[in-house]
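As structure tokens, the structure follows; a few thoughts come after it.
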Amino acid sequence: MGLSPLAELVFVKLGGSVITDKTRAAKALPERIGRLAGEIRAAQDARPDLAMVLGHGSGSFGHTVGQKYGIHRGIDRGQSWWGYAETAAAAARLNRIVTDILLTAGVPVVSIQPSATARCCKGELKELTLYPIRQALEHALVPLLYGDVALDDSQGCTIVSTEQVLAYLAQHLRPARIVMVGRVDGVYDRDPLHDAEARPLSRITPDSFPQVRSQLGGSHATDVTGGMLTKVSEMVSLVAQGCTERVHLISGLRKGALTRVLLDAQHSQGTMIERQEDANNPTGNTRCC
């Protein structure tokens, strides 16, 4: 038994800014999570060939505690190992909430804890066990991962973002698409939550990214994984390496948007990151790292 060759594998990340109130410690938004879970289920009903790996950010759960103890910087103070344990527990609490809501909506998710097998060095994810994820997909289940703590060969411990986890998986599973669900409708030339003159960027390619890089800033709430610039940089790199065909960045505040994007690979909402075809490689095919 295995994943059908006709199936389309899509990664979906539910951002911490969408599923939690990042201005209030450990404040989940169950009604919004429930709506997004329903949109995922609706896409599954409309497209039985759709296979998914889901991920979610830690929002005001893991980020708040991780910032308090400086876990992303490693072991640099007496209480860091306690902080490591506390951050892991906070991230797991949010994951339990998300898991239960998805199951209630009829999405057959299986929660997989990244920190159980993750191995990092200098903050970079070097190793993550793939077997349970592959097996879940082969049995028509939906693996659900999340931003978590991890042990680090160089600095003792760190935090691995959901983007890092999905990027690692993309190198091995090669999803057709990645859908990033945040608060704002894609990428803007400045923070649209604080600047009414902000303009959306409908398309980014590896070639155009250096031009827009300076326009992207960090998150406007506590985020120990680098903010918008880091997230977009990681996704551009995946597209450039051929690990995925395209990345969609959309708003989870728009009702029905997630279903529409899952059902239509060319849906124009938000920002699309994709390779730019050239004369030497008209199909855009390349080998992933």
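To be explicit about the labels: the chains of the structure tokens are called A, B, and onward in the order shown, and within each one the residues are counted from 1, while ligands get numbers from 1 in the order they are shown.
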Q.
I'd like the contact shell of A:Phe209 - 10 Å cut-off, only C-alpha atoms, skipping same-chain residues fewer than 4 positions apart - returned as a list in words.
A. Arg203, Ile204, Thr205, Arg213, Ser214, Val232, Ser233, Val236, Ser237 and Ile273 of chain A
Selection file, C-alpha atoms, as a JSON list (two decimals), in the first residue's frame:
```json
[["chain", "number", "residue", "atom", "x", "y", "z"],
["A", 203, "ARG", "CA", 4.43, 36.98, -7.33],
["A", 204, "ILE", "CA", 7.98, 36.34, -6.14],
["A", 205, "THR", "CA", 10.63, 34.30, -7.94],
["A", 213, "ARG", "CA", 14.26, 41.21, 0.44],
["A", 214, "SER", "CA", 15.02, 44.60, 1.96],
["A", 232, "VAL", "CA", 9.83, 33.84, 2.87],
["A", 233, "SER", "CA", 13.56, 33.22, 2.42],
["A", 236, "VAL", "CA", 12.09, 30.88, -1.93],
["A", 237, "SER", "CA", 15.03, 28.55, -1.36],
["A", 273, "ILE", "CA", 6.37, 32.03, -5.01]]
```
Q: For A:Arg246, please output as a PyMOL selection string all residues within 8 Å (counting only C-alpha atoms; exclusion window: fewer than 6 positions along the same chain).
A: chain A and resi 176-178+239+272-275
Mind dumping the selected residues with N, CA and C atoms as a short mmCIF file (atom, residue, chain, number, x, y, z; two decimals), in the first residue's frame?
```
data_model
loop_
_atom_site.label_atom_id
_atom_site.label_comp_id
_atom_site.auth_asym_id
_atom_site.auth_seq_id
_atom_site.Cartn_x
_atom_site.Cartn_y
_atom_site.Cartn_z
N ALA A 176 3.99 18.92 -4.20
CA ALA A 176 3.72 19.74 -5.38
C ALA A 176 3.62 21.21 -5.00
N ARG A 177 3.01 21.46 -3.83
CA ARG A 177 2.81 22.84 -3.39
C ARG A 177 2.92 22.93 -1.88
N ILE A 178 3.17 24.16 -1.41
CA ILE A 178 3.13 24.48 0.01
C ILE A 178 2.21 25.68 0.18
N VAL A 239 11.77 26.56 -3.48
CA VAL A 239 11.34 26.65 -4.88
C VAL A 239 12.56 26.66 -5.80
N MET A 272 2.24 34.31 -4.63
CA MET A 272 2.71 33.02 -5.11
C MET A 272 4.22 33.10 -5.33
N ILE A 273 4.94 32.15 -4.77
CA ILE A 273 6.37 32.03 -5.01
C ILE A 273 6.56 30.86 -5.96
N GLU A 274 7.18 31.11 -7.11
CA GLU A 274 7.39 30.04 -8.08
C GLU A 274 8.64 30.31 -8.89
N ARG A 275 9.13 29.25 -9.50
CA ARG A 275 10.32 29.38 -10.33
C ARG A 275 10.01 30.17 -11.59
#
```
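Proximity of A:Glu39, A:Asp185, A:Glu234, A:Asp45 to A:Ser161, computed with only C-alpha atoms, is greatest for A:Glu234.
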Q | Nearby residues (only C-alpha atoms) at most 8 Å from A:Asp189, same-chain spacing under 6 positions excluded, as JSON, numbers by chain | A | {"A": [198, 199, 200, 201, 212, 215, 216]}
Shell around stretch 94-107 of chain A at 6 Å using only C-alpha atoms, local window under 5 positions removed, as a PDB file with C-alpha atoms, in the first residue's frame:
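result.pdb, written as the output of this step:
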```pdb
ATOM      1  CA  GLY A  34     -12.385  25.090  13.617  1.00  0.00           C
ATOM      2  CA  ALA A  37     -10.255  22.665   9.827  1.00  0.00           C
ATOM      3  CA  GLY A  38     -13.623  22.679   8.052  1.00  0.00           C
ATOM      4  CA  ARG A  41     -12.098  18.841   5.224  1.00  0.00           C
TER       5      ARG A  41
END
```
Q) Contacts of A:Ala136 at 9 Å or less, counting only C-alpha atoms, minus same-chain residues fewer than 5 places along, as a list in words? A) Val109, Val110, Tyr131, Leu141, Val142 and Pro143 of chain A
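What separates atom CA of A:His194 from atom CA of A:Ser58 is a distance of 22.8 Å.
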(Q) Taking only C-alpha atoms into account, name the residue in A:Ala7, A:Leu249, A:Ala46, A:Leu263 that is nearest to A:Arg183. (A) A:Leu249
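In this structure, atom CA of A:Val165 sits 15.0 Å away from atom CA of A:His72.
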**Q.** Near-stretch 113-115 of chain A list (8 Å; only C-alpha atoms; drop same-chain fewer than 4 positions) as a count of residues only
**A.** 10
**Q.** Which of stretch 28-171 of chain A DSSP labels strand (DSSP E), written as a VMD selection string
**A.** chain A and resid 50 to 56 109 to 111 119 to 121 124 to 127 142 to 146 148 to 152 156 to 160
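The interatomic distance for the pair atom CA of A:Arg35 and atom CA of A:Leu9 works out to 21.9 Å.
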**Q.** Residue neighbourhood A:Gly57, 10 Å, only C-alpha atoms, exclusion window fewer than 2 positions, as a PyMOL selection string
**A.** chain A and resi 13-20+55+59-63+91+94-95+145-148+161-163+182+223+225
Go ahead and write the selection's residues with N, CA and C atoms as an mmCIF file, in the first residue's frame.
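The resulting again.cif:
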```cif
data_model
loop_
_atom_site.group_PDB
_atom_site.id
_atom_site.type_symbol
_atom_site.label_atom_id
_atom_site.label_comp_id
_atom_site.auth_asym_id
_atom_site.auth_seq_id
_atom_site.Cartn_x
_atom_site.Cartn_y
_atom_site.Cartn_z
ATOM 1 N N LYS A 13 0.683 25.021 6.180
ATOM 2 C CA LYS A 13 1.090 25.545 7.483
ATOM 3 C C LYS A 13 0.076 26.567 7.971
ATOM 4 N N LEU A 14 -0.475 26.312 9.156
ATOM 5 C CA LEU A 14 -1.366 27.261 9.810
ATOM 6 C C LEU A 14 -0.512 28.106 10.750
ATOM 7 N N GLY A 15 -0.370 29.371 10.408
ATOM 8 C CA GLY A 15 0.524 30.243 11.173
ATOM 9 C C GLY A 15 0.052 30.485 12.595
ATOM 10 N N GLY A 16 1.016 30.650 13.486
ATOM 11 C CA GLY A 16 0.684 30.939 14.879
ATOM 12 C C GLY A 16 -0.108 32.223 15.037
ATOM 13 N N SER A 17 0.075 33.168 14.111
ATOM 14 C CA SER A 17 -0.658 34.434 14.182
ATOM 15 C C SER A 17 -2.123 34.267 13.840
ATOM 16 N N VAL A 18 -2.467 33.158 13.176
ATOM 17 C CA VAL A 18 -3.850 32.895 12.783
ATOM 18 C C VAL A 18 -4.584 32.077 13.837
ATOM 19 N N ILE A 19 -3.890 31.107 14.431
ATOM 20 C CA ILE A 19 -4.575 30.185 15.338
ATOM 21 C C ILE A 19 -4.452 30.578 16.802
ATOM 22 N N THR A 20 -3.663 31.626 17.099
ATOM 23 C CA THR A 20 -3.576 32.142 18.463
ATOM 24 C C THR A 20 -3.604 33.663 18.436
ATOM 25 N N GLY A 55 1.141 21.505 9.224
ATOM 26 C CA GLY A 55 2.003 22.022 10.273
ATOM 27 C C GLY A 55 1.348 23.255 10.871
ATOM 28 N N GLY A 59 2.707 30.177 17.936
ATOM 29 C CA GLY A 59 2.007 31.386 18.333
ATOM 30 C C GLY A 59 2.354 31.861 19.727
ATOM 31 N N SER A 60 1.317 32.192 20.490
ATOM 32 C CA SER A 60 1.543 32.738 21.833
ATOM 33 C C SER A 60 1.767 31.648 22.878
ATOM 34 N N PHE A 61 1.911 30.404 22.447
ATOM 35 C CA PHE A 61 2.248 29.319 23.360
ATOM 36 C C PHE A 61 3.776 29.155 23.416
ATOM 37 N N GLY A 62 4.353 28.460 22.440
ATOM 38 C CA GLY A 62 5.787 28.195 22.457
ATOM 39 C C GLY A 62 6.651 29.430 22.323
ATOM 40 N N HIS A 63 6.243 30.389 21.484
ATOM 41 C CA HIS A 63 7.082 31.570 21.273
ATOM 42 C C HIS A 63 7.242 32.395 22.543
ATOM 43 N N ALA A 91 4.273 24.198 23.570
ATOM 44 C CA ALA A 91 4.022 23.878 22.171
ATOM 45 C C ALA A 91 3.103 22.668 22.044
ATOM 46 N N LEU A 94 -0.695 23.513 22.650
ATOM 47 C CA LEU A 94 -1.387 24.062 21.488
ATOM 48 C C LEU A 94 -1.628 22.971 20.452
ATOM 49 N N ASN A 95 -0.646 22.095 20.267
ATOM 50 C CA ASN A 95 -0.817 21.016 19.298
ATOM 51 C C ASN A 95 -1.994 20.118 19.662
ATOM 52 N N LEU A 145 2.508 18.264 12.217
ATOM 53 C CA LEU A 145 3.703 18.634 12.959
ATOM 54 C C LEU A 145 3.592 20.089 13.396
ATOM 55 N N TYR A 146 4.570 20.564 14.152
ATOM 56 C CA TYR A 146 4.453 21.913 14.689
ATOM 57 C C TYR A 146 5.820 22.456 15.095
ATOM 58 N N GLY A 147 5.890 23.762 15.289
ATOM 59 C CA GLY A 147 7.107 24.376 15.787
ATOM 60 C C GLY A 147 7.400 23.867 17.186
ATOM 61 N N ASP A 148 8.649 23.498 17.451
ATOM 62 C CA ASP A 148 8.956 22.775 18.682
ATOM 63 C C ASP A 148 10.395 23.078 19.111
ATOM 64 N N SER A 161 11.444 25.984 13.791
ATOM 65 C CA SER A 161 10.185 26.542 13.321
ATOM 66 C C SER A 161 9.447 25.518 12.461
ATOM 67 N N THR A 162 8.159 25.753 12.280
ATOM 68 C CA THR A 162 7.383 24.896 11.391
ATOM 69 C C THR A 162 7.941 24.961 9.979
ATOM 70 N N GLU A 163 8.421 26.147 9.566
ATOM 71 C CA GLU A 163 9.021 26.264 8.237
ATOM 72 C C GLU A 163 10.254 25.377 8.098
ATOM 73 N N GLY A 182 -1.395 32.752 6.881
ATOM 74 C CA GLY A 182 -1.062 33.739 7.904
ATOM 75 C C GLY A 182 -2.209 34.702 8.138
ATOM 76 N N ASP A 223 8.209 36.465 18.284
ATOM 77 C CA ASP A 223 8.486 35.356 17.368
ATOM 78 C C ASP A 223 9.971 35.057 17.448
ATOM 79 N N THR A 225 11.526 32.717 15.818
ATOM 80 C CA THR A 225 11.974 31.957 14.651
ATOM 81 C C THR A 225 12.266 32.845 13.451
#
```
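Considering the residues A:Glu138, A:Asp195, A:Asp152, A:Glu124 and counting only C-alpha atoms, A:Ala167 has its shortest atom-to-atom contact with A:Glu124.
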